[in-house]
Amino acid sequence: MTTADVLIVGASAGGLAVAEGLRRRGFTGSIALVGAERELPYDRPPLSKQVLDGRWSPDRTRLRGRAELDELELDLLLGRPALSLDVAGHRVGLRGGGELGYRKLVVATGLSARRLPGQTGLSGVHTLRTLEEAAKLRADLLAARRVVVVGAGVLGCEIAATARGLGREVTVLDPAAHPMEHLLGPEIGGALGRLHRDHGVSVRTSTPVRGLIQEQGRVVGVRTGAGSSVPADVVVVAVGGRPATDWLAGSGLGLDDGVVCDHRCRAAADVYAVGDVARFGAQGSAGRGTRLENRTNATEQGVFVAGDILGADAHYRPVPYFWSDQYQVRLQVYGTVPGHSSVRIVEGSPGGGAFVAHVESGGRLVGVIGWNSARRTRTAKALLTAAARSDEPAVGAPSALSHHTSPAELPTEGDLL
Ligand SMILES: Cc1cc2nc3c(=O)[nH]c(=O)nc-3n(C[C@H](O)[C@H](O)[C@H](O)COP(=O)(O)OP(=O)(O)OC[C@H]3O[C@@H](n4cnc5c(N)ncnc54)[C@H](O)[C@@H]3O)c2cc1C
């Protein structure tokens, strides 16, 4: 059995950031990077935007070129999902047989898309997490007239905007009152709903989905909670993701909607977790910790863990941040928008096409939302950084900050298994 000084499972943004962080700090030990997909590490944000609308070829999403990866001197094992972990024995079992030993292990396996009951095997129904899925969805979108997007989280809204840009008739269904309401609050969620309607999307909020309608193995519509049906040639299910931790079942690691870690992102002796899969700050504190699903966190947390492996002494306290591009609008959110917070536009206006809003909870600033206001939003981030650096938990953070979907419950296949 080969033993790596550092074994990273999950060859995407978070995993790559650990490898690069180690090398940048002069680490000369062996690093193995194991990935379930056959692709070289690539970036996911363009999948719902530039790749789906055809502006970018899939190659442009690569996080690093071959030469840059070679320079990192990694043992790169792609197309080899990890199947099991033996914490005491310091080894990971891989599909296709064989085991890899480690001195330090980093779990960076991200999320798998949630699905609706009856979705598996039904043609015309899509989820979007991988390059392969983006290619399939794009091909189906180009041939479709009517597209239904289930879920008005970030991913659902972006896919709706892209499909509309391709000239499709688009309906978005979500049980919440406004698109992205749990991330933006009702005022700005309402402005986002108007943006989509102004572009001709049928935004049906307060509309839970009951199931898919099919004929001869192909989806033909979606049934809503009110008993009506919405016809569709293509349905995109964007109802969030589940941390990809199945392979860790029985390993002894704490699993609670993610890998349970402490403030240093340590899950057990010699085991770390980073990125979408990591629930950090959950060990050694009273709360449930925080799990962030955004691109910036994957890199920042990867770099942080590289530092911890090499002996840095710090706690991981990020200011949550995500962006989203829909039509000509770039939304940026620093911090969080907890329930019962107040959201106040402090500059600009939705009608004017650009604004900045402050989010306050318990008398303090916990979030900043920018709408086509990159510079001003960044400036306000400094205030949040100061709050996060204080000894308190990450700014008003809820236990999981999923930017893909509204938290409203939908029946999913996973729930039925
Ligand atoms: C379509 C899309 C658009 C997005 N847009 C934005 C955006 O605009 N802004 C933003 O901030 N964020 C966005 N995100 C979120 C962002 O891409 C993620 O937060 C980020 O990719 C998380 O990185 P990660 O490395 O933690 O996990 P992932 O990128 O999910 O990577 C995990 C990797 O682990 C692999 N893996 C899983 N299980 C195993 C196993 N058992 N063995 C080996 N490998 C395994 C997976 O195949 C995958 O390659 C988007 C996400 C998607 C899907």
# chains A, B, ... in the order shown; residues from 1 in each chain; ligands from 1
call {"tool": "closest_atom_pairs", "arguments": {"of": "chain A", "to": "ligand 1", "cutoff": "7 Å", "atoms": "only C-alpha atoms and all ligand atoms", "output": "Markdown table"}}
result
| residue | atom | partner | partner_atom_place_in_ligand_line | distance |
| --- | --- | --- | --- | --- |
| A:Val9 | CA | ligand 1 | 43 (C) | 5.1 |
| A:Gly10 | CA | ligand 1 | 34 (O) | 3.4 |
| A:Ala11 | CA | ligand 1 | 49 (O) | 5.1 |
| A:Ser12 | CA | ligand 1 | 25 (O) | 4.3 |
| A:Ala13 | CA | ligand 1 | 25 (O) | 4.0 |
| A:Gly14 | CA | ligand 1 | 25 (O) | 3.6 |
| A:Gly15 | CA | ligand 1 | 25 (O) | 5.6 |
| A:Val34 | CA | ligand 1 | 43 (C) | 5.5 |
| A:Gly35 | CA | ligand 1 | 44 (N) | 3.8 |
| A:Ala36 | CA | ligand 1 | 44 (N) | 3.8 |
| A:Glu37 | CA | ligand 1 | 47 (O) | 4.8 |
| A:Asp43 | CA | ligand 1 | 17 (O) | 6.5 |
| A:Arg44 | CA | ligand 1 | 17 (O) | 4.3 |
| A:Pro45 | CA | ligand 1 | 5 (N) | 3.3 |
| A:Pro46 | CA | ligand 1 | 3 (C) | 6.2 |
| A:Leu47 | CA | ligand 1 | 1 (C) | 4.7 |
| A:Ser48 | CA | ligand 1 | 1 (C) | 4.6 |
| A:Arg80 | CA | ligand 1 | 43 (C) | 6.3 |
| A:Pro81 | CA | ligand 1 | 42 (N) | 3.4 |
| A:Ala82 | CA | ligand 1 | 42 (N) | 3.8 |
| A:Leu83 | CA | ligand 1 | 41 (N) | 5.7 |
| A:Ala108 | CA | ligand 1 | 26 (O) | 5.5 |
| A:Thr109 | CA | ligand 1 | 34 (O) | 3.5 |
| A:Gly110 | CA | ligand 1 | 27 (O) | 3.4 |
| A:Leu111 | CA | ligand 1 | 30 (O) | 5.0 |
| A:Leu128 | CA | ligand 1 | 1 (C) | 5.5 |
| A:Arg129 | CA | ligand 1 | 53 (C) | 3.8 |
| A:Thr130 | CA | ligand 1 | 53 (C) | 6.6 |
| A:Leu155 | CA | ligand 1 | 3 (C) | 6.0 |
| A:Ala244 | CA | ligand 1 | 38 (N) | 5.4 |
| A:Trp247 | CA | ligand 1 | 41 (N) | 5.6 |
| A:Val274 | CA | ligand 1 | 26 (O) | 6.1 |
| A:Gly275 | CA | ligand 1 | 26 (O) | 3.3 |
| A:Asp276 | CA | ligand 1 | 26 (O) | 4.0 |
| A:Val277 | CA | ligand 1 | 26 (O) | 6.0 |
| A:Glu293 | CA | ligand 1 | 19 (O) | 4.3 |
| A:Asn294 | CA | ligand 1 | 19 (O) | 3.3 |
| A:Arg295 | CA | ligand 1 | 19 (O) | 4.0 |
| A:Thr296 | CA | ligand 1 | 11 (O) | 5.8 |
| A:Asn297 | CA | ligand 1 | 19 (O) | 7.0 |
| A:Ala298 | CA | ligand 1 | 23 (O) | 4.9 |
| A:Tyr321 | CA | ligand 1 | 11 (O) | 6.7 |
| A:Phe322 | CA | ligand 1 | 11 (O) | 3.9 |
| A:Trp323 | CA | ligand 1 | 9 (N) | 4.6 |
| A:Ser324 | CA | ligand 1 | 8 (O) | 4.4 |
| A:Asp325 | CA | ligand 1 | 8 (O) | 6.5 |
call {"tool": "write_last_selection", "arguments": {"atoms": "C-alpha atoms", "output": "compact mmCIF listing (two decimals), in the first residue's frame"}}
result
# COMPACT_ATOMS: atom_id res chain seq x y z
CA VAL A 9 -10.01 13.23 -1.50
CA GLY A 10 -11.96 15.46 -3.90
CA ALA A 11 -10.12 17.05 -6.86
CA SER A 12 -11.93 20.35 -7.17
CA ALA A 13 -11.58 23.91 -5.84
CA GLY A 14 -11.14 23.00 -2.17
CA GLY A 15 -8.85 20.02 -2.68
CA VAL A 34 -7.98 11.61 -5.60
CA GLY A 35 -11.07 12.54 -7.62
CA ALA A 36 -14.26 10.71 -8.54
CA GLU A 37 -14.56 12.48 -11.91
CA ASP A 43 -14.47 25.41 -11.83
CA ARG A 44 -18.20 25.02 -11.24
CA PRO A 45 -19.56 28.62 -11.27
CA PRO A 46 -19.28 28.93 -15.08
CA LEU A 47 -21.36 25.77 -15.57
CA SER A 48 -24.67 27.58 -14.99
CA ARG A 80 -11.20 6.77 -8.66
CA PRO A 81 -13.89 7.59 -6.06
CA ALA A 82 -12.97 6.90 -2.46
CA LEU A 83 -15.28 4.25 -1.03
CA ALA A 108 -12.93 17.74 0.03
CA THR A 109 -15.77 15.81 -1.60
CA GLY A 110 -18.28 18.66 -1.92
CA LEU A 111 -21.96 17.98 -2.56
CA LEU A 128 -26.35 20.58 -12.56
CA ARG A 129 -23.13 20.03 -10.65
CA THR A 130 -20.65 18.62 -13.17
CA LEU A 155 -28.51 27.93 -9.07
CA ALA A 244 -20.97 13.82 -0.31
CA TRP A 247 -18.19 6.97 1.66
CA VAL A 274 -12.68 21.68 3.51
CA GLY A 275 -15.18 23.31 1.18
CA ASP A 276 -18.86 22.54 0.73
CA VAL A 277 -18.60 19.29 2.70
CA GLU A 293 -21.45 26.39 -0.03
CA ASN A 294 -19.56 28.93 -2.05
CA ARG A 295 -16.55 29.10 -4.31
CA THR A 296 -14.55 31.58 -2.26
CA ASN A 297 -14.83 29.53 0.90
CA ALA A 298 -13.55 26.40 -0.87
CA TYR A 321 -19.22 35.56 0.51
CA PHE A 322 -20.88 34.55 -2.72
CA TRP A 323 -21.69 36.16 -5.99
CA SER A 324 -24.25 35.37 -8.66
CA ASP A 325 -24.63 36.57 -12.23
call {"tool": "select_by_dssp", "arguments": {"residues": "segment 262-349 of chain A", "states": "strand (DSSP E)", "output": "PyMOL selection string"}}
result
chain A and resi 266-268+271-273+278-279+291-293+321-326+329-335+342-349
call {"tool": "select_by_dssp", "arguments": {"residues": "segment 21-212 of chain A", "states": "helix (DSSP H, G or I)", "output": "VMD selection string"}}
result
chain A and resid 21 to 24 45 to 48 58 to 61 66 to 71 131 to 143 154 to 165 181 to 198
call {"tool": "closest_residue", "arguments": {"among": "A:Gly98, A:Val235, A:Arg279, A:Leu195", "to": "Leu255 of chain A", "atoms": "only C-alpha atoms"}}
result
A:Arg279
call {"tool": "residues_around", "arguments": {"residues": "Gly335 of chain A", "least_positions_apart": "3", "cutoff": "6 Å", "atoms": "only C-alpha atoms", "output": "MDAnalysis selection string"}}
result
chainID A and resid 319:320 366:367
call {"tool": "atom_distance", "arguments": {"atom1": "atom CA of Asp246 of chain A", "atom2": "atom CA of Val259 of chain A"}}
result
10.7 Å
call {"tool": "closest_residue", "arguments": {"among": "A:Thr224, A:Gln50, A:Thr28, A:Ser341", "to": "Ser206 of chain A", "atoms": "only C-alpha atoms"}}
result
A:Thr224
call {"tool": "residues_around", "arguments": {"residues": "segment 58-60 of chain A", "least_positions_apart": "2", "cutoff": "9 Å", "atoms": "only C-alpha atoms", "output": "ChimeraX atom specification"}}
result
/A:42-43,47,51,56,62-63,131,135
call {"tool": "residues_around", "arguments": {"residues": "Thr120 of chain A", "least_positions_apart": "3", "cutoff": "12 Å", "atoms": "only C-alpha atoms", "output": "list in words"}}
result
Ala113, Arg114, Arg115, Leu116, Pro117, Ser123, Gly124, Val125, His126, Thr127, Leu212, Gln214, Gly217, Arg218, Val219, Val237, Thr412, Glu413 and Gly414 of chain A
call {"tool": "closest_residue", "arguments": {"among": "A:His358, A:Arg223, A:Arg375, A:Arg38", "to": "Thr336 of chain A", "atoms": "only C-alpha atoms"}}
result
A:His358
call {"tool": "closest_residue", "arguments": {"among": "A:Gly307, A:Gly89, A:Gly26, A:Gly351", "to": "Met1 of chain A", "atoms": "only C-alpha atoms"}}
result
A:Gly89
call {"tool": "closest_residue", "arguments": {"among": "A:Leu166, A:Val337, A:Val329, A:Ala161", "to": "Glu181 of chain A", "atoms": "only C-alpha atoms"}}
result
A:Val337
call {"tool": "closest_residue", "arguments": {"among": "A:His182, A:Phe355, A:His263, A:Ala134", "to": "His340 of chain A", "atoms": "only C-alpha atoms"}}
result
A:His182
call {"tool": "residues_around", "arguments": {"residues": "Ala267 of chain A", "least_positions_apart": "3", "cutoff": "10 Å", "atoms": "only C-alpha atoms", "output": "list in words"}}
result
Leu105, Val106, Val107, Gly252, Leu253, Gly254, Leu255, Val259, Val260, Cys261, Asp262, His263, Arg264, Asp270, Val271, Tyr272, Ala273, Ala278, Arg279, Phe280, Ala282 and Gln283 of chain A
call {"tool": "write_last_selection", "arguments": {"atoms": "C-alpha atoms", "output": "mmCIF file, in the first residue's frame"}}
result
data_model
loop_
_atom_site.group_PDB
_atom_site.id
_atom_site.type_symbol
_atom_site.label_atom_id
_atom_site.label_comp_id
_atom_site.auth_asym_id
_atom_site.auth_seq_id
_atom_site.Cartn_x
_atom_site.Cartn_y
_atom_site.Cartn_z
ATOM 1 C CA LEU A 105 -6.125 13.257 5.155
ATOM 2 C CA VAL A 106 -8.236 16.090 3.747
ATOM 3 C CA VAL A 107 -11.876 15.397 2.851
ATOM 4 C CA GLY A 252 -16.242 7.081 13.044
ATOM 5 C CA LEU A 253 -16.054 10.668 11.742
ATOM 6 C CA GLY A 254 -18.858 12.882 13.013
ATOM 7 C CA LEU A 255 -21.379 13.396 10.191
ATOM 8 C CA VAL A 259 -18.200 16.449 8.147
ATOM 9 C CA VAL A 260 -18.151 17.768 11.705
ATOM 10 C CA CYS A 261 -14.923 19.688 12.386
ATOM 11 C CA ASP A 262 -13.496 22.015 14.982
ATOM 12 C CA HIS A 263 -12.422 25.621 14.428
ATOM 13 C CA ARG A 264 -9.249 24.417 12.746
ATOM 14 C CA ASP A 270 -4.924 13.702 11.177
ATOM 15 C CA VAL A 271 -8.213 14.248 9.315
ATOM 16 C CA TYR A 272 -9.484 17.590 7.974
ATOM 17 C CA ALA A 273 -12.445 18.677 5.855
ATOM 18 C CA ALA A 278 -17.067 20.770 5.881
ATOM 19 C CA ARG A 279 -19.094 21.761 8.939
ATOM 20 C CA PHE A 280 -16.504 23.744 10.807
ATOM 21 C CA ALA A 282 -18.973 22.332 15.332
ATOM 22 C CA GLN A 283 -16.613 20.463 17.640
#
call {"tool": "atom_distance", "arguments": {"atom1": "atom CA of Ala232 of chain A", "atom2": "atom CA of Arg146 of chain A"}}
result
5.0 Å
